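**Student:** The structure that follows is given in the form of C-alpha coordinates.
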Amino acid sequence: MNKEFHSFGWYASKVSPHLPKKAFKPVPGRLLGGLAYLIISIAGMFAIGIYELPFLANIAISFVIGTSFAAMGFLGHEILHGTVVKKAKLRNLLGAVFFFPLLTGPLLWRKWHNMTHHVHTQNEEKDPDTWLSKEDLDKKPAMKIIYRLPFSVRAFLEFFALCFTFTLHSTKIFFAYIKEFKPEKRGAVWIQFLLPWFAWLGLIFFIGIINWLFIFLIPHLIANAIVMGYISTNHRLNPLVPVNDPLANTLSVTVPRWIDVLHFNFSYHTEHHIFPSMSSKYYPLVKELIKDSWPSRYHEMPMSSALIALWKTPRVYYNGKDLIDPQAQLLYGSLGNGLNPEAIEPRPMNNSDTN
(Lines give C-alpha, C1' and ligand atoms only; values in the text may rest on other atoms or scores of the structure.)
Protein backbone atom coordinates (compact mmCIF):
# COMPACT_ATOMS: atom_id res chain seq x y z
CA MET A 1 0.00 0.00 0.00
CA ASN A 2 1.13 3.52 -0.83
CA LYS A 3 1.75 5.17 2.54
CA GLU A 4 1.06 8.66 1.24
CA PHE A 5 -2.24 9.82 2.75
CA HIS A 6 -4.69 12.26 1.21
CA SER A 7 -7.78 13.91 2.66
CA PHE A 8 -11.28 13.09 1.43
CA GLY A 9 -11.39 16.60 -0.08
CA TRP A 10 -8.31 15.83 -2.16
CA TYR A 11 -9.94 12.72 -3.63
CA ALA A 12 -13.18 14.60 -4.23
CA SER A 13 -11.33 17.30 -6.17
CA LYS A 14 -9.80 14.64 -8.44
CA VAL A 15 -13.03 12.74 -9.05
CA SER A 16 -15.59 15.57 -9.22
CA PRO A 17 -14.68 16.82 -12.73
CA HIS A 18 -15.56 13.41 -14.14
CA LEU A 19 -19.04 13.26 -12.61
CA PRO A 20 -22.26 14.63 -14.10
CA LYS A 21 -23.68 17.81 -12.52
CA LYS A 22 -26.86 16.00 -11.53
CA ALA A 23 -24.80 13.82 -9.17
CA PHE A 24 -24.45 16.82 -6.84
CA LYS A 25 -28.17 17.54 -6.59
CA PRO A 26 -30.70 16.10 -4.10
CA VAL A 27 -32.72 13.09 -5.19
CA PRO A 28 -36.16 13.42 -3.52
CA GLY A 29 -37.34 10.32 -5.37
CA ARG A 30 -35.57 8.27 -2.69
CA LEU A 31 -38.50 9.13 -0.41
CA LEU A 32 -40.71 6.76 -2.40
CA GLY A 33 -38.69 3.86 -1.03
CA GLY A 34 -39.04 5.27 2.47
CA LEU A 35 -42.80 5.57 2.04
CA ALA A 36 -42.95 1.93 0.98
CA TYR A 37 -41.04 0.86 4.10
CA LEU A 38 -43.32 2.97 6.30
CA ILE A 39 -46.44 1.39 4.81
CA ILE A 40 -45.00 -2.12 5.15
CA SER A 41 -44.00 -1.52 8.78
CA ILE A 42 -47.35 -0.03 9.80
CA ALA A 43 -49.29 -2.74 7.97
CA GLY A 44 -47.22 -5.41 9.72
CA MET A 45 -47.81 -3.81 13.12
CA PHE A 46 -51.57 -3.67 12.57
CA ALA A 47 -51.61 -7.29 11.39
CA ILE A 48 -49.87 -8.44 14.57
CA GLY A 49 -51.91 -6.16 16.83
CA ILE A 50 -55.35 -6.94 15.40
CA TYR A 51 -55.23 -10.57 14.35
CA GLU A 52 -54.37 -13.55 16.51
CA LEU A 53 -51.78 -14.94 14.14
CA PRO A 54 -49.73 -18.12 14.64
CA PHE A 55 -46.33 -17.72 16.28
CA LEU A 56 -44.39 -18.37 13.06
CA ALA A 57 -46.50 -15.80 11.19
CA ASN A 58 -45.71 -13.19 13.84
CA ILE A 59 -42.00 -14.02 13.62
CA ALA A 60 -42.07 -13.68 9.83
CA ILE A 61 -43.85 -10.32 10.03
CA SER A 62 -41.40 -9.17 12.74
CA PHE A 63 -38.53 -9.99 10.41
CA VAL A 64 -40.10 -7.93 7.61
CA ILE A 65 -40.69 -5.01 9.98
CA GLY A 66 -37.09 -5.30 11.26
CA THR A 67 -35.61 -5.22 7.76
CA SER A 68 -37.84 -2.23 6.98
CA PHE A 69 -36.63 -0.45 10.15
CA ALA A 70 -33.01 -0.98 9.02
CA ALA A 71 -33.69 0.33 5.52
CA MET A 72 -35.48 3.34 7.00
CA GLY A 73 -32.33 4.03 9.02
CA PHE A 74 -30.23 3.92 5.84
CA LEU A 75 -32.60 6.42 4.22
CA GLY A 76 -32.56 8.61 7.35
CA HIS A 77 -28.76 8.62 7.07
CA GLU A 78 -29.04 9.91 3.50
CA ILE A 79 -31.66 12.50 4.37
CA LEU A 80 -29.59 13.97 7.21
CA HIS A 81 -26.61 14.32 4.87
CA GLY A 82 -28.81 16.59 2.73
CA THR A 83 -28.81 14.31 -0.31
CA VAL A 84 -32.60 13.86 -0.51
CA VAL A 85 -34.06 17.27 0.44
CA LYS A 86 -32.20 20.50 1.13
CA LYS A 87 -34.58 22.46 3.39
CA ALA A 88 -33.26 22.08 6.93
CA LYS A 89 -36.63 21.80 8.70
CA LEU A 90 -37.95 19.20 6.26
CA ARG A 91 -34.65 17.33 6.38
CA ASN A 92 -34.75 17.15 10.18
CA LEU A 93 -38.42 16.13 10.22
CA LEU A 94 -37.91 13.32 7.72
CA GLY A 95 -34.68 12.27 9.43
CA ALA A 96 -36.55 12.04 12.74
CA VAL A 97 -39.27 9.89 11.15
CA PHE A 98 -36.90 7.42 9.53
CA PHE A 99 -34.56 7.18 12.53
CA PHE A 100 -37.51 6.81 14.93
CA PRO A 101 -37.34 2.97 15.04
CA LEU A 102 -33.62 3.19 15.89
CA LEU A 103 -34.29 5.60 18.79
CA THR A 104 -31.96 8.30 17.45
CA GLY A 105 -32.73 12.00 16.96
CA PRO A 106 -31.66 14.02 13.91
CA LEU A 107 -29.78 16.78 15.76
CA LEU A 108 -27.70 14.27 17.69
CA TRP A 109 -27.04 12.20 14.56
CA ARG A 110 -25.82 15.18 12.55
CA LYS A 111 -23.42 16.26 15.30
CA TRP A 112 -22.21 12.74 16.02
CA HIS A 113 -22.05 11.35 12.50
CA ASN A 114 -21.84 14.23 10.03
CA MET A 115 -19.76 16.74 11.97
CA THR A 116 -17.55 14.43 14.03
CA HIS A 117 -17.23 10.92 12.58
CA HIS A 118 -16.91 12.11 8.97
CA VAL A 119 -14.45 14.86 9.84
CA HIS A 120 -12.25 12.71 12.10
CA THR A 121 -12.69 9.19 10.71
CA GLN A 122 -10.41 6.64 12.40
CA ASN A 123 -8.77 9.30 14.52
CA GLU A 124 -8.05 7.58 17.81
CA GLU A 125 -8.91 10.61 19.94
CA LYS A 126 -11.62 12.40 17.96
CA ASP A 127 -13.72 9.78 16.15
CA PRO A 128 -16.52 8.59 18.50
CA ASP A 129 -16.94 5.41 16.45
CA THR A 130 -13.34 4.22 16.50
CA TRP A 131 -12.61 1.00 18.40
CA LEU A 132 -10.35 1.19 21.44
CA SER A 133 -6.56 0.94 21.44
CA LYS A 134 -4.33 -1.19 23.68
CA GLU A 135 -3.50 1.96 25.66
CA ASP A 136 -7.21 2.63 26.24
CA LEU A 137 -7.83 -0.98 27.23
CA ASP A 138 -5.06 -0.86 29.83
CA LYS A 139 -6.91 2.02 31.52
CA LYS A 140 -10.20 0.09 31.77
CA PRO A 141 -10.04 -2.80 34.26
CA ALA A 142 -13.60 -3.96 33.50
CA MET A 143 -12.85 -4.24 29.78
CA LYS A 144 -9.61 -6.08 30.50
CA ILE A 145 -11.64 -8.78 32.25
CA ILE A 146 -13.68 -9.30 29.08
CA TYR A 147 -10.51 -9.62 27.02
CA ARG A 148 -9.32 -12.45 29.23
CA LEU A 149 -12.08 -14.61 27.79
CA PRO A 150 -11.12 -17.10 25.03
CA PHE A 151 -10.91 -15.50 21.59
CA SER A 152 -13.85 -17.53 20.21
CA VAL A 153 -16.07 -16.51 23.12
CA ARG A 154 -15.21 -12.85 22.59
CA ALA A 155 -15.97 -13.14 18.89
CA PHE A 156 -19.35 -14.70 19.64
CA LEU A 157 -20.22 -12.01 22.18
CA GLU A 158 -19.18 -9.24 19.80
CA PHE A 159 -21.41 -10.61 17.04
CA PHE A 160 -24.30 -11.23 19.45
CA ALA A 161 -23.94 -7.61 20.63
CA LEU A 162 -24.65 -6.38 17.09
CA CYS A 163 -28.33 -6.88 17.93
CA PHE A 164 -28.27 -3.90 20.30
CA THR A 165 -24.96 -2.08 19.76
CA PHE A 166 -26.36 0.74 17.62
CA THR A 167 -28.94 1.68 20.24
CA LEU A 168 -26.45 1.32 23.08
CA HIS A 169 -23.82 3.43 21.32
CA SER A 170 -26.39 6.06 20.30
CA THR A 171 -27.49 6.40 23.93
CA LYS A 172 -23.89 6.66 25.10
CA ILE A 173 -23.20 9.35 22.48
CA PHE A 174 -26.26 11.31 23.59
CA PHE A 175 -25.02 11.62 27.17
CA ALA A 176 -21.48 12.34 25.98
CA TYR A 177 -22.54 15.13 23.59
CA ILE A 178 -25.63 16.73 25.12
CA LYS A 179 -23.58 19.39 26.96
CA GLU A 180 -21.84 20.37 23.73
CA PHE A 181 -25.07 21.65 22.20
CA LYS A 182 -25.92 25.31 22.64
CA PRO A 183 -28.34 25.83 25.57
CA GLU A 184 -31.15 26.90 23.23
CA LYS A 185 -30.88 23.60 21.32
CA ARG A 186 -30.57 21.19 24.23
CA GLY A 187 -34.31 21.04 24.82
CA ALA A 188 -34.92 19.90 21.24
CA VAL A 189 -32.15 17.32 21.49
CA TRP A 190 -33.65 15.97 24.73
CA ILE A 191 -37.13 15.76 23.14
CA GLN A 192 -35.74 13.96 20.09
CA PHE A 193 -34.00 11.50 22.41
CA LEU A 194 -36.90 10.83 24.79
CA LEU A 195 -39.86 10.85 22.39
CA PRO A 196 -38.99 7.61 20.54
CA TRP A 197 -38.30 5.82 23.83
CA PHE A 198 -41.59 6.97 25.39
CA ALA A 199 -43.55 6.18 22.22
CA TRP A 200 -42.22 2.65 21.77
CA LEU A 201 -42.28 1.74 25.46
CA GLY A 202 -45.70 3.33 25.90
CA LEU A 203 -47.04 1.07 23.18
CA ILE A 204 -46.86 -1.82 25.67
CA PHE A 205 -49.84 -0.40 27.59
CA PHE A 206 -52.02 -0.41 24.48
CA ILE A 207 -51.11 -3.69 22.80
CA GLY A 208 -49.66 -5.83 25.59
CA ILE A 209 -46.18 -7.15 26.13
CA ILE A 210 -46.46 -10.14 23.76
CA ASN A 211 -47.62 -8.12 20.76
CA TRP A 212 -45.02 -5.47 21.64
CA LEU A 213 -42.25 -8.04 21.40
CA PHE A 214 -43.29 -8.85 17.82
CA ILE A 215 -44.14 -5.27 16.81
CA PHE A 216 -41.07 -3.50 18.21
CA LEU A 217 -38.47 -5.39 20.25
CA ILE A 218 -37.73 -8.23 17.82
CA PRO A 219 -37.78 -5.89 14.77
CA HIS A 220 -35.58 -3.42 16.65
CA LEU A 221 -32.99 -6.11 17.39
CA ILE A 222 -33.10 -7.26 13.75
CA ALA A 223 -32.64 -3.68 12.54
CA ASN A 224 -29.69 -3.20 14.90
CA ALA A 225 -28.07 -6.38 13.59
CA ILE A 226 -28.46 -5.35 9.94
CA VAL A 227 -27.29 -1.79 10.46
CA MET A 228 -24.35 -2.87 12.63
CA GLY A 229 -23.46 -5.59 10.12
CA TYR A 230 -22.60 -2.77 7.73
CA ILE A 231 -21.18 -0.35 10.30
CA SER A 232 -18.88 -3.02 11.74
CA THR A 233 -17.31 -3.60 8.35
CA ASN A 234 -17.01 0.09 7.45
CA HIS A 235 -13.82 0.78 9.40
CA ARG A 236 -13.01 -1.92 11.96
CA LEU A 237 -10.63 -3.81 9.68
CA ASN A 238 -8.89 -0.59 8.67
CA PRO A 239 -6.01 1.13 10.51
CA LEU A 240 -6.06 4.27 12.57
CA VAL A 241 -4.58 7.02 10.41
CA PRO A 242 -3.04 10.48 10.93
CA VAL A 243 -4.97 11.90 7.95
CA ASN A 244 -8.65 11.28 7.20
CA ASP A 245 -7.93 9.26 4.06
CA PRO A 246 -11.03 7.27 2.95
CA LEU A 247 -8.95 4.88 0.84
CA ALA A 248 -6.91 3.95 3.90
CA ASN A 249 -9.48 4.06 6.69
CA THR A 250 -12.65 2.79 5.00
CA LEU A 251 -13.90 -0.44 3.45
CA SER A 252 -16.64 -0.86 0.86
CA VAL A 253 -18.40 -4.20 0.88
CA THR A 254 -20.19 -5.91 -1.98
CA VAL A 255 -23.67 -7.40 -1.73
CA PRO A 256 -26.13 -8.64 -4.36
CA ARG A 257 -27.57 -5.84 -6.47
CA TRP A 258 -31.09 -6.32 -5.10
CA ILE A 259 -29.79 -5.77 -1.56
CA ASP A 260 -28.10 -2.55 -2.67
CA VAL A 261 -31.47 -1.42 -4.03
CA LEU A 262 -33.23 -2.27 -0.76
CA HIS A 263 -30.49 -0.65 1.36
CA PHE A 264 -29.98 2.52 -0.69
CA ASN A 265 -26.41 1.56 -1.73
CA PHE A 266 -25.17 1.71 1.87
CA SER A 267 -22.47 -0.83 0.94
CA TYR A 268 -20.55 1.87 -0.98
CA HIS A 269 -18.88 3.28 2.11
CA THR A 270 -15.54 4.54 0.77
CA GLU A 271 -17.50 6.44 -1.85
CA HIS A 272 -19.71 7.89 0.86
CA HIS A 273 -16.72 9.17 2.84
CA ILE A 274 -15.37 10.97 -0.22
CA PHE A 275 -18.76 12.44 -1.16
CA PRO A 276 -20.95 12.44 1.98
CA SER A 277 -23.23 15.11 0.48
CA MET A 278 -23.88 13.13 -2.71
CA SER A 279 -26.82 10.80 -3.17
CA SER A 280 -25.75 7.18 -2.95
CA LYS A 281 -27.59 6.68 -6.23
CA TYR A 282 -24.38 7.83 -7.95
CA TYR A 283 -21.87 5.87 -5.85
CA PRO A 284 -21.44 3.06 -8.42
CA LEU A 285 -20.11 5.69 -10.84
CA VAL A 286 -17.82 7.12 -8.15
CA LYS A 287 -16.54 3.63 -7.43
CA GLU A 288 -15.54 3.10 -11.07
CA LEU A 289 -13.59 6.35 -11.11
CA ILE A 290 -11.79 5.59 -7.82
CA LYS A 291 -10.79 2.11 -8.96
CA ASP A 292 -9.52 3.50 -12.25
CA SER A 293 -7.31 6.05 -10.48
CA TRP A 294 -6.18 4.21 -7.31
CA PRO A 295 -6.83 0.48 -7.83
CA SER A 296 -4.16 -0.71 -5.38
CA ARG A 297 -5.39 1.50 -2.54
CA TYR A 298 -9.12 0.85 -2.76
CA HIS A 299 -10.45 -1.71 -0.25
CA GLU A 300 -13.50 -3.82 -1.05
CA MET A 301 -14.65 -7.36 -0.34
CA PRO A 302 -17.91 -9.31 -0.15
CA MET A 303 -19.91 -8.60 2.99
CA SER A 304 -19.62 -12.27 3.99
CA SER A 305 -15.81 -12.14 3.76
CA ALA A 306 -15.68 -8.93 5.78
CA LEU A 307 -17.83 -10.42 8.55
CA ILE A 308 -15.67 -13.56 8.64
CA ALA A 309 -12.56 -11.37 8.88
CA LEU A 310 -14.15 -9.49 11.78
CA TRP A 311 -14.85 -12.79 13.52
CA LYS A 312 -11.24 -13.93 13.09
CA THR A 313 -9.54 -10.70 14.22
CA PRO A 314 -9.56 -8.89 17.61
CA ARG A 315 -11.04 -5.42 18.07
CA VAL A 316 -8.17 -3.72 19.87
CA TYR A 317 -5.70 -1.49 18.00
CA TYR A 318 -1.96 -1.63 18.59
CA ASN A 319 0.29 1.12 17.25
CA GLY A 320 -2.49 2.23 14.94
CA LYS A 321 -1.92 -0.21 12.11
CA ASP A 322 -2.24 -3.58 13.87
CA LEU A 323 -4.98 -5.37 15.78
CA ILE A 324 -3.96 -7.17 18.95
CA ASP A 325 -5.29 -10.07 20.98
CA PRO A 326 -4.14 -8.75 24.39
CA GLN A 327 -4.59 -12.09 26.12
CA ALA A 328 -2.48 -14.15 23.69
CA GLN A 329 -0.17 -11.23 22.75
CA LEU A 330 -0.74 -11.91 19.04
CA LEU A 331 -0.83 -9.24 16.35
CA TYR A 332 -3.00 -9.14 13.23
CA GLY A 333 -2.49 -6.73 10.37
CA SER A 334 -5.13 -4.26 9.25
CA LEU A 335 -6.23 -3.59 5.68
CA GLY A 336 -3.28 -2.17 3.79
CA ASN A 337 -0.95 -3.37 6.55
CA GLY A 338 -0.61 -7.09 6.02
CA LEU A 339 -4.18 -8.31 6.59
CA ASN A 340 -5.15 -10.95 4.03
CA PRO A 341 -8.87 -11.70 4.51
CA GLU A 342 -8.48 -14.99 2.65
CA ALA A 343 -5.75 -16.27 4.99
CA ILE A 344 -5.78 -14.53 8.35
CA GLU A 345 -2.70 -15.45 10.34
CA PRO A 346 -1.55 -13.72 13.54
CA ARG A 347 2.08 -13.16 14.42
CA PRO A 348 3.70 -13.12 17.85
CA MET A 349 4.85 -9.77 19.19
CA ASN A 350 8.58 -9.07 18.99
CA ASN A 351 10.86 -6.26 20.06
CA SER A 352 10.25 -4.23 16.89
CA ASP A 353 6.49 -4.20 17.59
CA THR A 354 6.99 -2.64 21.00
CA ASN A 355 9.21 0.18 19.79
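Numbering starts fresh at 1 for the residues of each chain in the C-alpha coordinates, the chains themselves are lettered A, B, ... in the order given, and ligands are numbered from 1 as they appear.
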Considering only C-alpha atoms, give me a table of residues in range 210-311 of chain A that are at most 6 Å from range 44-66 of chain A, with the closest atom pair and distance in Å for each, as a Markdown table.

**Tutor:**
| residue | atom | partner | partner_atom | distance |
| --- | --- | --- | --- | --- |
| A:Phe214 | CA | A:Ser62 | CA | 5.4 |
| A:Ile215 | CA | A:Met45 | CA | 5.4 |
| A:Pro219 | CA | A:Gly66 | CA | 3.6 |
| A:His220 | CA | A:Gly66 | CA | 5.9 |
| A:Ile222 | CA | A:Gly66 | CA | 5.1 |
| A:Ala223 | CA | A:Gly66 | CA | 4.9 |

**Student:** Please, which residues of range 57-236 of chain A, numbered as in this document, come out helix (DSSP H, G or I) from DSSP, as a ChimeraX atom specification?

**Tutor:** /A:57-80,88-102,106-117,134-138,141-146,151-163,165-180,183-202,204-207,209-235

**Student:** Of the candidates A:Leu203, A:Ile324, A:Leu221, A:Met115, which shows the shortest atom-to-atom distance to Pro128 in chain A, using only C-alpha atoms?

**Tutor:**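 Going through A:Leu203, A:Ile324, A:Leu221, A:Met115 one by one, the smallest distance to Pro128 in chain A is for A:Met115.
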
**Student:** I need the residues in range 273-349 of chain A that are strand (DSSP E) according to DSSP; give them as a VMD selection string.

**Tutor:** chain A and resid 300 to 302 317 to 318 322 to 325 330 to 333 347 to 348

**Student:** Quick check, in Å to one decimal: how far apart do CA of Leu102 in chain A and CA of Trp212 in chain A lie?

**Tutor:**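 We find that CA of Leu102 in chain A and CA of Trp212 in chain A lie 15.4 Å from each other.
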
**Student:** Between A:Leu168, A:Val253, A:Leu132, A:Leu75, which residue has the minimum interatomic distance to Leu38 in chain A, considering only C-alpha atoms?

**Tutor:**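 Between A:Leu168, A:Val253, A:Leu132, A:Leu75, the residue approaching Leu38 in chain A most closely is A:Leu75.
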
**Student:** Could you name the residues that touch Asp127 in chain A at 7 Å or less, counting only C-alpha atoms, but leaving out those on the same chain fewer than 4 positions away, as a list of chain:residue names?

**Tutor:**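 The residues satisfying every condition are A:Thr116, A:His117, A:His120, A:Thr121, A:Gln122, A:Asn123.
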
**Student:** Show which residues sit within 12 Å of Leu137 in chain A, as a PyMOL selection string. Count only C-alpha atoms, and ignore same-chain residues fewer than 5 positions away.

**Tutor:** chain A and resi 131-132+142-148+315-318+324-327

**Student:** Emit the selected residues as a PDB file, in the first residue's frame, including N, CA and C atoms.

**Tutor:**
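As a result, part17.pdb now contains:
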ATOM      1  N   TRP A 131     -12.776   2.007  17.366  1.00  0.00           N
ATOM      2  CA  TRP A 131     -12.610   0.999  18.403  1.00  0.00           C
ATOM      3  C   TRP A 131     -11.421   1.348  19.292  1.00  0.00           C
ATOM      4  N   LEU A 132     -11.375   0.784  20.480  1.00  0.00           N
ATOM      5  CA  LEU A 132     -10.353   1.194  21.444  1.00  0.00           C
ATOM      6  C   LEU A 132      -8.966   0.654  21.103  1.00  0.00           C
ATOM      7  N   ALA A 142     -12.431  -3.140  33.818  1.00  0.00           N
ATOM      8  CA  ALA A 142     -13.603  -3.963  33.502  1.00  0.00           C
ATOM      9  C   ALA A 142     -13.492  -4.555  32.101  1.00  0.00           C
ATOM     10  N   MET A 143     -13.020  -3.755  31.152  1.00  0.00           N
ATOM     11  CA  MET A 143     -12.850  -4.239  29.784  1.00  0.00           C
ATOM     12  C   MET A 143     -11.752  -5.291  29.715  1.00  0.00           C
ATOM     13  N   LYS A 144     -10.712  -5.113  30.507  1.00  0.00           N
ATOM     14  CA  LYS A 144      -9.611  -6.080  30.499  1.00  0.00           C
ATOM     15  C   LYS A 144     -10.088  -7.463  30.937  1.00  0.00           C
ATOM     16  N   ILE A 145     -11.076  -7.498  31.824  1.00  0.00           N
ATOM     17  CA  ILE A 145     -11.637  -8.784  32.250  1.00  0.00           C
ATOM     18  C   ILE A 145     -12.292  -9.488  31.067  1.00  0.00           C
ATOM     19  N   ILE A 146     -13.030  -8.724  30.264  1.00  0.00           N
ATOM     20  CA  ILE A 146     -13.679  -9.298  29.078  1.00  0.00           C
ATOM     21  C   ILE A 146     -12.636  -9.870  28.126  1.00  0.00           C
ATOM     22  N   TYR A 147     -11.530  -9.175  27.974  1.00  0.00           N
ATOM     23  CA  TYR A 147     -10.512  -9.618  27.022  1.00  0.00           C
ATOM     24  C   TYR A 147      -9.646 -10.767  27.552  1.00  0.00           C
ATOM     25  N   ARG A 148      -9.964 -11.235  28.758  1.00  0.00           N
ATOM     26  CA  ARG A 148      -9.324 -12.448  29.234  1.00  0.00           C
ATOM     27  C   ARG A 148     -10.095 -13.694  28.807  1.00  0.00           C
ATOM     28  N   ARG A 315     -10.592  -6.800  18.261  1.00  0.00           N
ATOM     29  CA  ARG A 315     -11.038  -5.422  18.066  1.00  0.00           C
ATOM     30  C   ARG A 315     -10.278  -4.433  18.941  1.00  0.00           C
ATOM     31  N   VAL A 316      -9.012  -4.647  19.114  1.00  0.00           N
ATOM     32  CA  VAL A 316      -8.171  -3.718  19.865  1.00  0.00           C
ATOM     33  C   VAL A 316      -7.009  -3.296  18.971  1.00  0.00           C
ATOM     34  N   TYR A 317      -6.786  -1.991  18.845  1.00  0.00           N
ATOM     35  CA  TYR A 317      -5.701  -1.492  17.998  1.00  0.00           C
ATOM     36  C   TYR A 317      -4.382  -1.455  18.762  1.00  0.00           C
ATOM     37  N   TYR A 318      -3.312  -1.704  18.022  1.00  0.00           N
ATOM     38  CA  TYR A 318      -1.964  -1.633  18.590  1.00  0.00           C
ATOM     39  C   TYR A 318      -1.082  -0.856  17.620  1.00  0.00           C
ATOM     40  N   ILE A 324      -4.642  -6.306  17.997  1.00  0.00           N
ATOM     41  CA  ILE A 324      -3.957  -7.174  18.953  1.00  0.00           C
ATOM     42  C   ILE A 324      -4.941  -7.985  19.782  1.00  0.00           C
ATOM     43  N   ASP A 325      -4.600  -9.243  19.986  1.00  0.00           N
ATOM     44  CA  ASP A 325      -5.287 -10.065  20.978  1.00  0.00           C
ATOM     45  C   ASP A 325      -4.488  -9.899  22.269  1.00  0.00           C
ATOM     46  N   PRO A 326      -4.958  -9.068  23.210  1.00  0.00           N
ATOM     47  CA  PRO A 326      -4.141  -8.750  24.390  1.00  0.00           C
ATOM     48  C   PRO A 326      -3.890  -9.939  25.304  1.00  0.00           C
ATOM     49  N   GLN A 327      -4.777 -10.928  25.261  1.00  0.00           N
ATOM     50  CA  GLN A 327      -4.590 -12.087  26.116  1.00  0.00           C
ATOM     51  C   GLN A 327      -3.463 -12.981  25.597  1.00  0.00           C
TER      52      GLN A 327
END

**Student:** Please provide as a PyMOL selection string all residues within 9 Å of Tyr298 in chain A, with the sequence filter that same-chain residues fewer than 4 positions apart are discarded (counting only C-alpha atoms).

**Tutor:** chain A and resi 246-248+250-252+270+290-291+294

**Student:** What does the file look like for those residues with all heavy atoms, as a tab-separated table (two decimals), in the first residue's frame?

**Tutor:**
chain	number	residue	atom	x	y	z
A	246	PRO	N	-10.02	8.31	3.11
A	246	PRO	CA	-11.03	7.27	2.95
A	246	PRO	C	-10.53	5.99	2.28
A	246	PRO	O	-11.10	4.92	2.50
A	246	PRO	CB	-12.10	7.94	2.09
A	246	PRO	CG	-11.91	9.40	2.30
A	246	PRO	CD	-10.43	9.57	2.46
A	247	LEU	N	-9.48	6.09	1.48
A	247	LEU	CA	-8.95	4.88	0.84
A	247	LEU	C	-8.11	4.07	1.80
A	247	LEU	O	-7.87	2.89	1.56
A	247	LEU	CB	-8.15	5.24	-0.41
A	247	LEU	CG	-8.97	5.19	-1.73
A	247	LEU	CD1	-10.03	6.28	-1.71
A	247	LEU	CD2	-8.06	5.35	-2.94
A	248	ALA	N	-7.68	4.68	2.89
A	248	ALA	CA	-6.91	3.95	3.90
A	248	ALA	C	-7.78	3.50	5.06
A	248	ALA	O	-7.58	2.42	5.60
A	248	ALA	CB	-5.77	4.82	4.42
A	250	THR	N	-11.27	3.21	5.26
A	250	THR	CA	-12.65	2.79	5.00
A	250	THR	C	-12.70	1.59	4.06
A	250	THR	O	-11.87	1.46	3.16
A	250	THR	CB	-13.45	3.96	4.38
A	250	THR	OG1	-13.29	5.13	5.20
A	250	THR	CG2	-14.93	3.63	4.28
A	251	LEU	N	-13.69	0.75	4.27
A	251	LEU	CA	-13.90	-0.44	3.45
A	251	LEU	C	-15.29	-0.39	2.82
A	251	LEU	O	-16.28	-0.12	3.50
A	251	LEU	CB	-13.79	-1.71	4.30
A	251	LEU	CG	-14.24	-3.03	3.67
A	251	LEU	CD1	-13.27	-3.44	2.55
A	251	LEU	CD2	-14.34	-4.12	4.73
A	252	SER	N	-15.36	-0.64	1.53
A	252	SER	CA	-16.64	-0.86	0.86
A	252	SER	C	-16.87	-2.36	0.74
A	252	SER	O	-15.94	-3.09	0.41
A	252	SER	CB	-16.66	-0.23	-0.54
A	252	SER	OG	-16.74	1.17	-0.47
A	270	THR	N	-16.67	3.68	1.13
A	270	THR	CA	-15.54	4.54	0.77
A	270	THR	C	-16.04	5.71	-0.06
A	270	THR	O	-15.63	6.87	0.15
A	270	THR	CB	-14.48	3.74	-0.01
A	270	THR	OG1	-14.04	2.65	0.79
A	270	THR	CG2	-13.30	4.61	-0.38
A	290	ILE	N	-12.82	5.81	-8.85
A	290	ILE	CA	-11.79	5.59	-7.82
A	290	ILE	C	-10.92	4.40	-8.20
A	290	ILE	O	-9.68	4.46	-8.11
A	290	ILE	CB	-12.45	5.34	-6.45
A	290	ILE	CG1	-13.18	6.58	-5.97
A	290	ILE	CG2	-11.40	4.92	-5.42
A	290	ILE	CD1	-14.00	6.36	-4.71
A	291	LYS	N	-11.55	3.32	-8.63
A	291	LYS	CA	-10.79	2.11	-8.96
A	291	LYS	C	-9.93	2.31	-10.20
A	291	LYS	O	-8.88	1.68	-10.33
A	291	LYS	CB	-11.75	0.93	-9.14
A	291	LYS	CG	-12.44	0.52	-7.84
A	291	LYS	CD	-13.39	-0.64	-8.02
A	291	LYS	CE	-12.64	-1.94	-8.22
A	291	LYS	NZ	-13.56	-3.11	-8.21
A	294	TRP	N	-6.98	4.72	-8.43
A	294	TRP	CA	-6.18	4.21	-7.31
A	294	TRP	C	-6.55	2.75	-7.03
A	294	TRP	O	-7.00	2.40	-5.92
A	294	TRP	CB	-6.43	5.05	-6.05
A	294	TRP	CG	-6.19	6.51	-6.27
A	294	TRP	CD1	-4.99	7.15	-6.31
A	294	TRP	CD2	-7.19	7.53	-6.48
A	294	TRP	NE1	-5.16	8.49	-6.54
A	294	TRP	CE2	-6.51	8.75	-6.64
A	294	TRP	CE3	-8.59	7.52	-6.56
A	294	TRP	CZ2	-7.19	9.96	-6.87
A	294	TRP	CZ3	-9.27	8.71	-6.78
A	294	TRP	CH2	-8.57	9.90	-6.94
